[in-house]
Structure formats: structure tokens, C-alpha cells
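input-v1.pdb, holding PDB, C-alpha atoms and all ligand atoms:
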```
ATOM      1  CA  MET A 146     -46.271 -40.806 -50.432
ATOM      2  CA  LEU A 147     -44.952 -37.420 -49.356
ATOM      3  CA  ILE A 148     -41.802 -37.599 -47.361
ATOM      4  CA  SER A 149     -40.516 -34.907 -45.080
ATOM      5  CA  SER A 150     -36.820 -35.462 -44.514
ATOM      6  CA  LYS A 151     -37.190 -33.734 -41.163
ATOM      7  CA  ALA A 152     -40.225 -35.389 -39.721
ATOM      8  CA  ILE A 153     -40.501 -39.008 -40.721
ATOM      9  CA  ASN A 154     -37.366 -40.860 -39.802
ATOM     10  CA  PRO A 155     -34.168 -39.006 -39.008
ATOM     11  CA  ASN A 156     -32.080 -42.068 -39.854
ATOM     12  CA  MET A 157     -33.486 -42.408 -43.347
ATOM     13  CA  ASN A 158     -32.708 -39.670 -45.800
ATOM     14  CA  ALA A 159     -35.191 -38.576 -48.406
ATOM     15  CA  SER A 160     -33.249 -40.130 -51.230
ATOM     16  CA  GLN A 161     -33.296 -43.553 -49.589
ATOM     17  CA  SER A 162     -37.027 -43.376 -49.028
ATOM     18  CA  ALA A 163     -37.905 -42.086 -52.491
ATOM     19  CA  GLU A 164     -39.779 -44.527 -54.676
ATOM     20  CA  PRO A 165     -40.277 -44.398 -58.413
ATOM     21  CA  THR A 166     -43.597 -43.050 -59.537
ATOM     22  CA  ASP A 167     -46.508 -45.353 -60.299
ATOM     23  CA  ARG A 168     -48.253 -43.019 -62.727
ATOM     24  CA  PRO A 169     -49.974 -45.376 -65.164
ATOM     25  CA  ASP A 170     -49.262 -43.153 -68.167
ATOM     26  CA  ARG A 171     -45.520 -43.254 -67.575
ATOM     27  CA  GLN A 172     -42.853 -45.822 -68.336
ATOM     28  CA  ILE A 173     -40.488 -45.417 -65.409
ATOM     29  CA  SER A 174     -38.080 -48.196 -64.571
ATOM     30  CA  ASN A 175     -37.231 -49.092 -60.998
ATOM     31  CA  GLN A 176     -33.588 -48.577 -61.854
ATOM     32  CA  LEU A 177     -31.884 -45.573 -60.318
ATOM     33  CA  ILE A 178     -29.907 -43.604 -62.877
ATOM     34  CA  LEU A 179     -28.641 -40.991 -60.408
ATOM     35  CA  GLU A 180     -28.334 -41.117 -56.664
ATOM     36  CA  ALA A 181     -26.860 -38.177 -54.788
ATOM     37  CA  SER A 182     -26.672 -38.799 -51.043
ATOM     38  CA  ASN A 183     -25.689 -36.528 -48.180
ATOM     39  CA  VAL A 184     -23.878 -34.120 -50.486
ATOM     40  CA  VAL A 185     -21.907 -31.383 -48.755
ATOM     41  CA  ALA A 186     -20.429 -28.788 -51.118
ATOM     42  CA  GLY A 187     -19.539 -25.126 -51.336
ATOM     43  CA  TYR A 188     -17.648 -22.516 -53.275
ATOM     44  CA  VAL A 189     -15.496 -20.989 -50.537
ATOM     45  CA  ASP A 190     -13.379 -22.861 -47.984
ATOM     46  CA  GLY A 191     -15.239 -23.312 -44.728
ATOM     47  CA  VAL A 192     -18.667 -22.382 -46.153
ATOM     48  CA  ASP A 193     -20.913 -25.333 -46.960
ATOM     49  CA  ILE A 194     -23.801 -24.366 -49.234
ATOM     50  CA  LEU A 195     -25.126 -27.911 -49.659
ATOM     51  CA  GLN A 196     -25.465 -29.389 -46.197
ATOM     52  CA  GLY A 197     -26.319 -33.017 -46.801
ATOM     53  CA  ALA A 198     -28.507 -32.806 -49.905
ATOM     54  CA  ASN A 199     -30.143 -35.873 -51.459
ATOM     55  CA  LEU A 200     -31.558 -36.337 -54.929
ATOM     56  CA  SER A 201     -32.353 -39.490 -56.819
ATOM     57  CA  VAL A 202     -33.616 -40.013 -60.358
ATOM     58  CA  TYR A 203     -35.012 -43.250 -61.752
ATOM     59  CA  GLU A 204     -34.458 -44.056 -65.418
ATOM     60  CA  GLY A 205     -37.003 -42.148 -67.483
ATOM     61  CA  GLU A 206     -38.145 -39.848 -64.685
ATOM     62  CA  LEU A 207     -38.757 -36.136 -64.749
ATOM     63  CA  VAL A 208     -37.712 -34.845 -61.318
ATOM     64  CA  THR A 209     -38.365 -31.245 -60.304
ATOM     65  CA  VAL A 210     -36.355 -29.309 -57.714
ATOM     66  CA  ILE A 211     -37.951 -26.216 -56.180
ATOM     67  CA  GLY A 212     -37.138 -24.017 -53.186
ATOM     68  CA  SER A 213     -36.518 -20.460 -52.096
ATOM     69  CA  ASN A 214     -33.927 -18.190 -53.664
ATOM     70  CA  GLY A 215     -30.502 -19.172 -52.388
ATOM     71  CA  ALA A 216     -31.662 -22.595 -51.134
ATOM     72  CA  GLY A 217     -28.917 -24.308 -53.126
ATOM     73  CA  LYS A 218     -30.800 -25.625 -56.164
ATOM     74  CA  SER A 219     -28.266 -24.396 -58.724
ATOM     75  CA  THR A 220     -25.422 -25.457 -56.450
ATOM     76  CA  LEU A 221     -26.811 -28.991 -56.374
ATOM     77  CA  ALA A 222     -27.087 -29.027 -60.176
ATOM     78  CA  LYS A 223     -23.502 -27.752 -60.422
ATOM     79  CA  ALA A 224     -22.245 -30.264 -57.854
ATOM     80  CA  ILE A 225     -23.702 -33.135 -59.907
ATOM     81  CA  PHE A 226     -22.031 -31.725 -63.025
ATOM     82  CA  GLY A 227     -18.610 -31.327 -61.385
ATOM     83  CA  LEU A 228     -18.653 -27.534 -61.242
ATOM     84  CA  VAL A 229     -18.599 -27.155 -57.444
ATOM     85  CA  PRO A 230     -16.205 -29.092 -55.215
ATOM     86  CA  VAL A 231     -18.021 -31.773 -53.214
ATOM     87  CA  ARG A 232     -16.646 -32.135 -49.679
ATOM     88  CA  SER A 233     -18.470 -35.275 -48.666
ATOM     89  CA  GLY A 234     -21.310 -37.539 -49.713
ATOM     90  CA  GLU A 235     -21.792 -39.609 -52.809
ATOM     91  CA  ILE A 236     -23.072 -38.940 -56.332
ATOM     92  CA  LEU A 237     -23.617 -42.166 -58.247
ATOM     93  CA  PHE A 238     -24.547 -42.224 -61.920
ATOM     94  CA  GLY A 239     -25.325 -45.854 -62.607
ATOM     95  CA  ASP A 240     -22.544 -47.490 -60.640
ATOM     96  CA  ARG A 241     -20.005 -44.735 -61.318
ATOM     97  CA  ASN A 242     -19.183 -42.196 -58.612
ATOM     98  CA  LEU A 243     -19.099 -38.756 -60.234
ATOM     99  CA  ILE A 244     -17.330 -36.993 -57.383
ATOM    100  CA  GLY A 245     -13.948 -35.718 -58.484
ATOM    101  CA  LEU A 246     -14.748 -35.991 -62.208
ATOM    102  CA  LYS A 247     -14.490 -32.899 -64.399
ATOM    103  CA  PRO A 248     -17.523 -31.689 -66.379
ATOM    104  CA  GLU A 249     -16.065 -32.979 -69.661
ATOM    105  CA  GLN A 250     -15.711 -36.445 -68.097
ATOM    106  CA  ILE A 251     -19.253 -36.251 -66.730
ATOM    107  CA  VAL A 252     -20.569 -35.316 -70.186
ATOM    108  CA  ARG A 253     -18.995 -38.513 -71.514
ATOM    109  CA  GLN A 254     -20.957 -40.514 -68.947
ATOM    110  CA  GLY A 255     -24.159 -39.208 -70.572
ATOM    111  CA  ILE A 256     -25.161 -36.130 -68.584
ATOM    112  CA  SER A 257     -25.914 -32.748 -70.177
ATOM    113  CA  TYR A 258     -26.381 -29.582 -68.163
ATOM    114  CA  VAL A 259     -28.022 -26.297 -69.165
ATOM    115  CA  PRO A 260     -26.938 -23.586 -66.709
ATOM    116  CA  GLN A 261     -29.245 -20.887 -65.382
ATOM    117  CA  VAL A 262     -27.342 -18.127 -67.191
ATOM    118  CA  ALA A 263     -24.905 -17.741 -70.093
ATOM    119  CA  ASN A 264     -26.009 -20.950 -71.772
ATOM    120  CA  VAL A 265     -25.393 -20.083 -75.443
ATOM    121  CA  PHE A 266     -22.540 -18.474 -77.404
ATOM    122  CA  PRO A 267     -24.112 -15.160 -78.532
ATOM    123  CA  SER A 268     -21.628 -14.424 -81.328
ATOM    124  CA  LEU A 269     -22.029 -17.841 -82.965
ATOM    125  CA  SER A 270     -24.890 -18.855 -85.233
ATOM    126  CA  VAL A 271     -27.635 -21.194 -84.042
ATOM    127  CA  SER A 272     -26.141 -23.949 -86.193
ATOM    128  CA  ASP A 273     -22.630 -23.431 -84.803
ATOM    129  CA  ASN A 274     -23.987 -23.410 -81.252
ATOM    130  CA  LEU A 275     -25.523 -26.819 -81.893
ATOM    131  CA  ASP A 276     -22.252 -28.091 -83.364
ATOM    132  CA  MET A 277     -20.411 -26.872 -80.258
ATOM    133  CA  GLY A 278     -22.769 -28.988 -78.192
ATOM    134  CA  ALA A 279     -21.512 -32.061 -79.991
ATOM    135  CA  TYR A 280     -17.810 -31.407 -79.621
ATOM    136  CA  THR A 281     -17.222 -34.435 -77.396
ATOM    137  CA  ARG A 282     -19.155 -36.916 -79.479
ATOM    138  CA  GLU A 283     -18.616 -38.959 -82.569
ATOM    139  CA  GLY A 284     -21.116 -40.455 -84.976
ATOM    140  CA  ASN A 285     -23.771 -38.958 -87.181
ATOM    141  CA  ILE A 286     -24.065 -35.435 -85.827
ATOM    142  CA  ALA A 287     -26.123 -34.254 -88.818
ATOM    143  CA  ALA A 288     -28.895 -36.740 -88.012
ATOM    144  CA  VAL A 289     -29.036 -35.648 -84.369
ATOM    145  CA  LYS A 290     -29.104 -32.020 -85.454
ATOM    146  CA  ASP A 291     -32.017 -32.723 -87.805
ATOM    147  CA  LYS A 292     -33.887 -34.322 -84.929
ATOM    148  CA  ILE A 293     -33.315 -31.203 -82.827
ATOM    149  CA  TYR A 294     -34.534 -28.967 -85.668
ATOM    150  CA  THR A 295     -37.680 -31.113 -85.792
ATOM    151  CA  THR A 296     -38.235 -30.723 -82.041
ATOM    152  CA  PHE A 297     -37.510 -26.978 -82.185
ATOM    153  CA  PRO A 298     -38.666 -25.761 -85.630
ATOM    154  CA  VAL A 299     -37.840 -22.155 -84.719
ATOM    155  CA  LEU A 300     -34.165 -23.118 -84.480
ATOM    156  CA  ALA A 301     -34.285 -24.550 -87.987
ATOM    157  CA  LYS A 302     -35.768 -21.287 -89.216
ATOM    158  CA  ARG A 303     -33.040 -19.287 -87.522
ATOM    159  CA  ARG A 304     -30.149 -21.680 -88.098
ATOM    160  CA  ASN A 305     -27.885 -19.036 -89.676
ATOM    161  CA  GLN A 306     -28.791 -16.255 -87.260
ATOM    162  CA  ARG A 307     -26.422 -15.273 -84.446
ATOM    163  CA  ALA A 308     -27.606 -16.617 -81.075
ATOM    164  CA  GLY A 309     -27.245 -13.133 -79.577
ATOM    165  CA  THR A 310     -30.124 -11.918 -81.747
ATOM    166  CA  LEU A 311     -32.591 -14.586 -80.539
ATOM    167  CA  SER A 312     -35.486 -13.852 -78.177
ATOM    168  CA  GLY A 313     -35.322 -15.182 -74.611
ATOM    169  CA  GLY A 314     -37.502 -18.186 -75.428
ATOM    170  CA  GLU A 315     -35.581 -19.027 -78.595
ATOM    171  CA  ARG A 316     -32.312 -18.746 -76.727
ATOM    172  CA  GLN A 317     -33.579 -21.150 -74.087
ATOM    173  CA  MET A 318     -34.615 -23.590 -76.805
ATOM    174  CA  LEU A 319     -31.148 -23.300 -78.334
ATOM    175  CA  ALA A 320     -29.532 -24.006 -74.958
ATOM    176  CA  MET A 321     -31.705 -27.106 -74.604
ATOM    177  CA  GLY A 322     -31.016 -28.145 -78.193
ATOM    178  CA  ARG A 323     -27.285 -27.756 -77.639
ATOM    179  CA  ALA A 324     -27.452 -29.997 -74.555
ATOM    180  CA  LEU A 325     -29.448 -32.566 -76.539
ATOM    181  CA  MET A 326     -26.750 -32.809 -79.241
ATOM    182  CA  LEU A 327     -25.077 -35.258 -76.851
ATOM    183  CA  GLU A 328     -28.200 -37.430 -76.702
ATOM    184  CA  PRO A 329     -27.790 -37.525 -72.933
ATOM    185  CA  LYS A 330     -29.274 -40.133 -70.632
ATOM    186  CA  LEU A 331     -29.815 -37.398 -68.054
ATOM    187  CA  LEU A 332     -30.533 -33.748 -68.841
ATOM    188  CA  ILE A 333     -30.164 -31.167 -66.063
ATOM    189  CA  LEU A 334     -32.078 -27.924 -66.698
ATOM    190  CA  ASP A 335     -31.576 -24.952 -64.369
ATOM    191  CA  GLU A 336     -34.572 -22.611 -64.575
ATOM    192  CA  PRO A 337     -35.369 -22.950 -68.262
ATOM    193  CA  SER A 338     -38.504 -20.809 -67.906
ATOM    194  CA  ALA A 339     -36.841 -17.850 -66.163
ATOM    195  CA  ALA A 340     -37.886 -14.462 -67.538
ATOM    196  CA  LEU A 341     -40.200 -15.919 -70.191
ATOM    197  CA  SER A 342     -43.771 -14.807 -70.901
ATOM    198  CA  PRO A 343     -46.523 -17.187 -69.708
ATOM    199  CA  ILE A 344     -47.151 -18.509 -73.237
ATOM    200  CA  LEU A 345     -43.474 -19.250 -73.752
ATOM    201  CA  VAL A 346     -43.262 -20.856 -70.316
ATOM    202  CA  GLN A 347     -45.974 -23.270 -71.427
ATOM    203  CA  ASP A 348     -44.110 -23.955 -74.690
ATOM    204  CA  ILE A 349     -40.898 -24.704 -72.814
ATOM    205  CA  PHE A 350     -42.687 -26.981 -70.349
ATOM    206  CA  ASN A 351     -44.364 -28.839 -73.218
ATOM    207  CA  LEU A 352     -40.976 -29.322 -74.870
ATOM    208  CA  ILE A 353     -39.467 -30.592 -71.630
ATOM    209  CA  GLN A 354     -42.238 -33.174 -71.370
ATOM    210  CA  GLN A 355     -41.750 -34.119 -75.005
ATOM    211  CA  ILE A 356     -37.995 -34.631 -74.481
ATOM    212  CA  ASN A 357     -38.689 -36.694 -71.371
ATOM    213  CA  GLN A 358     -41.177 -38.857 -73.283
ATOM    214  CA  THR A 359     -38.437 -39.869 -75.701
ATOM    215  CA  GLY A 360     -36.698 -41.549 -72.758
ATOM    216  CA  THR A 361     -34.348 -38.836 -71.495
ATOM    217  CA  SER A 362     -34.353 -38.566 -67.695
ATOM    218  CA  ILE A 363     -34.580 -34.951 -66.557
ATOM    219  CA  ILE A 364     -33.749 -32.911 -63.468
ATOM    220  CA  LEU A 365     -35.714 -29.674 -63.712
ATOM    221  CA  VAL A 366     -34.748 -26.868 -61.326
ATOM    222  CA  GLU A 367     -37.517 -24.272 -61.350
ATOM    223  CA  GLN A 368     -38.872 -21.112 -59.745
ATOM    224  CA  ASN A 369     -42.113 -21.748 -61.561
ATOM    225  CA  ALA A 370     -42.882 -24.249 -58.848
ATOM    226  CA  ARG A 371     -46.513 -25.184 -59.500
ATOM    227  CA  LYS A 372     -46.108 -25.800 -63.209
ATOM    228  CA  ALA A 373     -42.853 -27.670 -62.704
ATOM    229  CA  LEU A 374     -44.361 -29.967 -60.057
ATOM    230  CA  ALA A 375     -47.423 -30.514 -62.224
ATOM    231  CA  ILE A 376     -45.315 -32.123 -64.973
ATOM    232  CA  ALA A 377     -42.953 -33.939 -62.594
ATOM    233  CA  ASP A 378     -42.984 -37.582 -61.635
ATOM    234  CA  ARG A 379     -41.353 -36.628 -58.348
ATOM    235  CA  GLY A 380     -40.145 -33.446 -56.780
ATOM    236  CA  TYR A 381     -37.798 -32.141 -54.112
ATOM    237  CA  VAL A 382     -38.196 -28.988 -52.070
ATOM    238  CA  MET A 383     -34.856 -27.564 -51.009
ATOM    239  CA  HIS A 384     -34.297 -25.318 -48.031
ATOM    240  CA  LEU A 385     -30.954 -24.186 -46.591
ATOM    241  CA  GLY A 386     -28.881 -26.567 -48.676
ATOM    242  CA  LYS A 387     -30.949 -29.687 -47.990
ATOM    243  CA  ASP A 388     -33.938 -31.501 -49.392
ATOM    244  CA  GLU A 389     -36.707 -30.606 -46.973
ATOM    245  CA  PHE A 390     -39.512 -32.554 -48.658
ATOM    246  CA  THR A 391     -39.731 -35.071 -51.428
ATOM    247  CA  GLY A 392     -42.626 -36.953 -52.959
ATOM    248  CA  LYS A 393     -44.628 -37.376 -56.112
ATOM    249  CA  GLY A 394     -45.176 -34.102 -57.964
ATOM    250  CA  ALA A 395     -48.929 -34.241 -57.362
ATOM    251  CA  ASP A 396     -48.519 -35.024 -53.641
ATOM    252  CA  LEU A 397     -46.186 -32.077 -53.150
ATOM    253  CA  LEU A 398     -48.644 -29.830 -54.982
ATOM    254  CA  ASN A 399     -51.424 -30.929 -52.633
ATOM    255  CA  ASP A 400     -49.445 -30.852 -49.408
ATOM    256  CA  PRO A 401     -50.656 -28.025 -47.143
ATOM    257  CA  GLU A 402     -47.225 -27.262 -45.675
ATOM    258  CA  VAL A 403     -45.465 -27.203 -49.040
ATOM    259  CA  THR A 404     -48.284 -25.095 -50.442
ATOM    260  CA  GLU A 405     -48.125 -22.600 -47.617
ATOM    261  CA  LEU A 406     -44.356 -22.296 -47.582
ATOM    262  CA  TYR A 407     -43.427 -22.644 -51.232
ATOM    263  CA  LEU A 408     -46.421 -22.436 -53.513
ATOM    264  CA  GLY A 409     -48.151 -19.314 -52.236
ATOM    265  CA  MET A 410     -48.272 -15.916 -53.879
ATOM    266  CA  GLY A 411     -45.233 -15.631 -56.116
ATOM    267  CA  ASN A 412     -44.262 -19.120 -54.896
ATOM    268  CA  PHE A 413     -41.913 -18.130 -52.137
ATOM    269  CA  GLY A 414     -43.218 -17.408 -48.682
ATOM    270  CA  LYS A 415     -40.094 -18.743 -47.076
ATOM    271  CA  THR A 416     -36.709 -17.151 -47.471
ATOM    272  CA  ALA A 417     -33.387 -18.936 -47.308
TER
HETATM  273  N1  LIG B 501     -20.087 -18.718 -57.340
HETATM  274  C1  LIG B 501     -20.457 -18.574 -56.047
HETATM  275  N2  LIG B 501     -19.553 -18.247 -55.093
HETATM  276  C2  LIG B 501     -19.916 -18.146 -53.798
HETATM  277  N3  LIG B 501     -21.165 -18.330 -53.333
HETATM  278  C3  LIG B 501     -22.106 -18.674 -54.226
HETATM  279  C4  LIG B 501     -21.802 -18.812 -55.634
HETATM  280  N4  LIG B 501     -22.944 -19.141 -56.275
HETATM  281  C5  LIG B 501     -23.906 -19.225 -55.331
HETATM  282  N5  LIG B 501     -23.404 -18.935 -54.098
HETATM  283  C6  LIG B 501     -24.159 -18.937 -52.853
HETATM  284  O1  LIG B 501     -24.720 -20.212 -52.632
HETATM  285  C7  LIG B 501     -26.022 -20.117 -52.063
HETATM  286  C8  LIG B 501     -26.971 -20.959 -52.885
HETATM  287  O2  LIG B 501     -27.048 -20.404 -54.188
HETATM  288  P1  LIG B 501     -27.751 -21.141 -55.396
HETATM  289  O3  LIG B 501     -27.432 -20.341 -56.594
HETATM  290  O4  LIG B 501     -27.407 -22.578 -55.382
HETATM  291  O5  LIG B 501     -29.276 -20.972 -54.964
HETATM  292  P2  LIG B 501     -30.603 -21.270 -55.812
HETATM  293  O6  LIG B 501     -31.462 -22.128 -54.956
HETATM  294  O7  LIG B 501     -30.245 -21.760 -57.154
HETATM  295  O8  LIG B 501     -31.258 -19.819 -55.888
HETATM  296  P3  LIG B 501     -32.051 -19.090 -57.088
HETATM  297  O9  LIG B 501     -33.469 -19.548 -56.921
HETATM  298  O10 LIG B 501     -31.914 -17.639 -56.744
HETATM  299  O11 LIG B 501     -31.450 -19.463 -58.387
HETATM  300  C9  LIG B 501     -26.360 -18.637 -52.002
HETATM  301  O12 LIG B 501     -26.148 -18.193 -50.681
HETATM  302  C10 LIG B 501     -25.375 -18.008 -52.946
HETATM  303  O13 LIG B 501     -25.042 -16.715 -52.520
HETATM  304 MG    MG B 502     -30.474 -21.037 -59.050
END
```
Starting from the file, lay out its structure as C-alpha cells.
Amino acid sequence: MLISSKAINPNMNASQSAEPTDRPDRQISNQLILEASNVVAGYVDGVDILQGANLSVYEGELVTVIGSNGAGKSTLAKAIFGLVPVRSGEILFGDRNLIGLKPEQIVRQGISYVPQVANVFPSLSVSDNLDMGAYTREGNIAAVKDKIYTTFPVLAKRRNQRAGTLSGGERQMLAMGRALMLEPKLLILDEPSAALSPILVQDIFNLIQQINQTGTSIILVEQNARKALAIADRGYVMHLGKDEFTGKGADLLNDPEVTELYLGMGNFGKTA
């Protein structure tokens, strides 16, 4: 069911009305792993960028967030990861409230975040970048690294090369690989396909699905709205710091209003 936060029931926010997907090919539990409700947050005193945003993720889900430039998608990702002060609302990860925790504490809860920009260390080798990703964890790092090299063979090939010399697609794979060194329960990806050629976009989307199929829940923020909704269990459309619509990926793709406003030529008919 497609839910418009505006139209259906003003007393029920989108997060509360979201249901896990019933796609038969997917193993999604009915257990919420993340529930962000009515989040108000901003960078500068007195300016709220998120104005009551909601986002929930069930264990095992791939949830896509789309919306116009400046709608607050990256800010929501950063708020979940403790990088933007949250002024009110709630962000629960399991039964733990994340608000007020620092990113390094949030990482220890099992969340990894790949930012939209500056997501690798250019002067370090691929191998050292992966090691840096594991700095907070103990255990058999070599085995995890081998698994990542299997998922991303190009990283294995370039393991001794400086990250700054990688192509855009390879760099994005390294950023994802680095985040996966923590074997997170929830992976937050902010525009992993930005500035990539169509073939590489498809590769990245395939990899995201592959990672999700191993049981990692994913929040995927994307400009590439159609493709991102097509692989999503559920999606959110953000506008002006709030979730304007939410529903199953396929329902959002087929909704006339969402299509007209957000999935038209170049995706973005509506400006923030
Ligand atoms: N570090 C910052 N300091 C102050 N304002 C910021 C900062 N980063 C973002 N903003 C503002 O917050 C608003 C939302 O930005 P955000 O980056 O979350 O949008 P977005 O939906 O991710 O957009 P895009 O699709 O362009 O990535 C914008 O008005 C932006 O100017
Ligand atoms: Mg952004």
C-alpha cells in the first residue's frame, strides 16, 4: 500500500503506518531494526532542515530514500549516524535510542555509513583503506577482508594501489568495502551511484542487492530514483525535510503523483 504522509491520516506518521514487504522472494522479518520518528534536526541554530522526518527499516530490508536536491536525504542519513544534532524526535536502533550518541558509538551498535563525498582516504592503499574500516572491531579481520575481496574482485586486484588512483566506480566499491569491514547490521549508503556511467551504476546496484541478500539491512539514498526504487523493498520520498510518501518500491514506481513529481525527465520535476 502506498502511503502519503500528507493525505491519509494526519495523526499517523508514515513510519507508523509502514509495513514490511511481502515480496515472496525476500526473507524480511517483521522486526524493526531502525525506527526514526518525527526527527527534527539542522546544522545551524534556529534552522531546522529535517522537519519531522520518519524512516523505518525492518531486519533484512533494502529501503530507498529519494527526493529533490536539498530535500534533506543526506541530512537524515547523517542524523541517524550522529553527524547532525537532532533537536527532537526519536531514532531507535533495536531498543537503543541513538540520539546523542557519537558516530564511533553508533558504529559499535552495528551501523556503517558511506557518505556522499570524501568516503575513502586517497593517499592510502586499497588494503589500508579496508583496514581503517575495521579500526573499531576485533576478531578475524583477514577473513572479513577476504570476503570483501571476493565480493569486489577489482579491489583485490588493486589492493596495493593508492585509493586516489582508482576510478569513480572502484572508489565507490572501496567505500562500500570499507563500511562492510565492520560486518554491519545496517548499512547506510548516500548516493553510491553518483557520477558513474550507466554500466557502472548497474554494477553498483547489483552489488548492493548482493550485500542485502547476505542479510545486511540497507538504507539507500539515491538520485537514480527509478533504479533505486526498483531494487527496494520499500521507499521514502522526501520533500522539504519530511517523508512525503512511503510505500513498497514497486508501488511508488507506479504511483502517478510520485512519477510526475519525482520520476520524470531527469527524475526531479519538483524543487526543494
Ligand atoms: N553542512 C551544512 N551546513 C549547513 N546547511 C547544510 C549543510 N549541509 C546541508 N545543508 C543544507 O541542508 C539542506 C538539505 O541538504 P541535504 O544535503 O540533506 O539534501 P539532499 O536531499 O541530500 O540533497 P542532494 O540530492 O543534493 O544530495 C539544504 O538546504 C542544504 O543547503
Ligand atoms: Mg545528499
Chain A residues near ligand MG 502 (chain B) within 10 Å, closest pair each, using all atoms listed in the file, as CSV:
```
residue,atom,partner,partner_atom,distance
A:Ile211,CA,B:MG502,MG,9.5
A:Gly212,CA,B:MG502,MG,9.4
A:Ser213,CA,B:MG502,MG,9.2
A:Asn214,CA,B:MG502,MG,7.0
A:Gly215,CA,B:MG502,MG,6.9
A:Ala216,CA,B:MG502,MG,8.2
A:Gly217,CA,B:MG502,MG,6.9
A:Lys218,CA,B:MG502,MG,5.4
A:Ser219,CA,B:MG502,MG,4.0
A:Thr220,CA,B:MG502,MG,7.2
A:Leu221,CA,B:MG502,MG,9.2
A:Ala222,CA,B:MG502,MG,8.8
A:Lys223,CA,B:MG502,MG,9.8
A:Pro260,CA,B:MG502,MG,8.8
A:Gln261,CA,B:MG502,MG,6.5
A:Val262,CA,B:MG502,MG,9.2
A:Asp335,CA,B:MG502,MG,6.7
A:Glu336,CA,B:MG502,MG,7.1
A:Val366,CA,B:MG502,MG,7.6
A:Glu367,CA,B:MG502,MG,8.1
A:Gln368,CA,B:MG502,MG,8.4
```
Residues matched by the PyMOL selection byres (((chain A and resi 237-241) around 9) and not hetatm), written as a list in words = Gln176, Leu177, Ile178, Leu179, Glu180, Ala181, Ser182, Glu235, Ile236, Asn242, Leu243, Ile244 and Gln254 of chain A
Generate the output file for the selected residues, C-alpha atoms, as a compact mmCIF listing (two decimals), in the coordinates of the input.
```
# COMPACT_ATOMS: atom_id res chain seq x y z
CA GLN A 176 -33.59 -48.58 -61.85
CA LEU A 177 -31.88 -45.57 -60.32
CA ILE A 178 -29.91 -43.60 -62.88
CA LEU A 179 -28.64 -40.99 -60.41
CA GLU A 180 -28.33 -41.12 -56.66
CA ALA A 181 -26.86 -38.18 -54.79
CA SER A 182 -26.67 -38.80 -51.04
CA GLU A 235 -21.79 -39.61 -52.81
CA ILE A 236 -23.07 -38.94 -56.33
CA ASN A 242 -19.18 -42.20 -58.61
CA LEU A 243 -19.10 -38.76 -60.23
CA ILE A 244 -17.33 -36.99 -57.38
CA GLN A 254 -20.96 -40.51 -68.95
```
Taking (-41.1, -32.0, -73.0) in the file's own coordinates, collect the residues within 10 Å, counting only C-alpha atoms, and hand them back as a PyMOL selection string.
-> chain A and resi 207+296+348-359+361+363+376
Can you tell me how far atom CA of Asp291 of chain A sits from atom CA of Ser174 of chain A, in Å to one decimal?
-> 28.6 Å
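Straight-line separation from atom CA of Arg379 of chain A to atom CA of Gly278 of chain A: 28.2 Å.
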Enclosing box along x, y and z for every listed atom of ligand LIG 501 (chain B), padded 5 Å each side, centre and size in Å, one decimal, as lines of an AutoDock Vina configuration file:
```
center_x = -26.5
center_y = -19.6
center_z = -54.5
size_x = 23.9
size_y = 15.9
size_z = 17.7
```
Residues at most 9 Å from Ala340 of chain A, counting all atoms listed in the file, excluding those fewer than 2 positions away in the same chain, as an mmCIF file with C-alpha atoms, in the coordinates of the input?
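Saved as around.cif:
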```cif
data_model
loop_
_atom_site.group_PDB
_atom_site.id
_atom_site.type_symbol
_atom_site.label_atom_id
_atom_site.label_comp_id
_atom_site.auth_asym_id
_atom_site.auth_seq_id
_atom_site.Cartn_x
_atom_site.Cartn_y
_atom_site.Cartn_z
ATOM 1 C CA GLY A 313 -35.322 -15.182 -74.611
ATOM 2 C CA GLY A 314 -37.502 -18.186 -75.428
ATOM 3 C CA PRO A 337 -35.369 -22.950 -68.262
ATOM 4 C CA SER A 338 -38.504 -20.809 -67.906
ATOM 5 C CA SER A 342 -43.771 -14.807 -70.901
ATOM 6 C CA VAL A 346 -43.262 -20.856 -70.316
#
```
What separation in Å, quoted to one decimal, exists between atom CA of Pro298 of chain A and atom CA of Leu319 of chain A?
-> 10.8 Å
Taking 6 positions as the minimum chain separation for residues in the same chain, which residues sit within 12 Å of Gln306 of chain A when counting all atoms listed in the file? Answer as a CSV table (one decimal) with C-alpha atoms, keeping the file's coordinate frame.
```csv
chain,number,residue,atom,x,y,z
A,266,PHE,CA,-22.5,-18.5,-77.4
A,267,PRO,CA,-24.1,-15.2,-78.5
A,268,SER,CA,-21.6,-14.4,-81.3
A,269,LEU,CA,-22.0,-17.8,-83.0
A,270,SER,CA,-24.9,-18.9,-85.2
A,271,VAL,CA,-27.6,-21.2,-84.0
A,272,SER,CA,-26.1,-23.9,-86.2
A,273,ASP,CA,-22.6,-23.4,-84.8
A,274,ASN,CA,-24.0,-23.4,-81.3
A,299,VAL,CA,-37.8,-22.2,-84.7
A,300,LEU,CA,-34.2,-23.1,-84.5
A,312,SER,CA,-35.5,-13.9,-78.2
A,315,GLU,CA,-35.6,-19.0,-78.6
A,316,ARG,CA,-32.3,-18.7,-76.7
A,319,LEU,CA,-31.1,-23.3,-78.3
```
Between A:Ala395, A:Ile364, A:Ala287, A:Leu385, single out the one closest to ligand LIG 501 (chain B), counting only C-alpha atoms and all ligand atoms.
-> A:Leu385
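Nearest to ligand LIG 501 (chain B) of all the residues A:Met318, A:Leu275, A:Leu408, A:Val229 is A:Val229, based on only C-alpha atoms and all ligand atoms.
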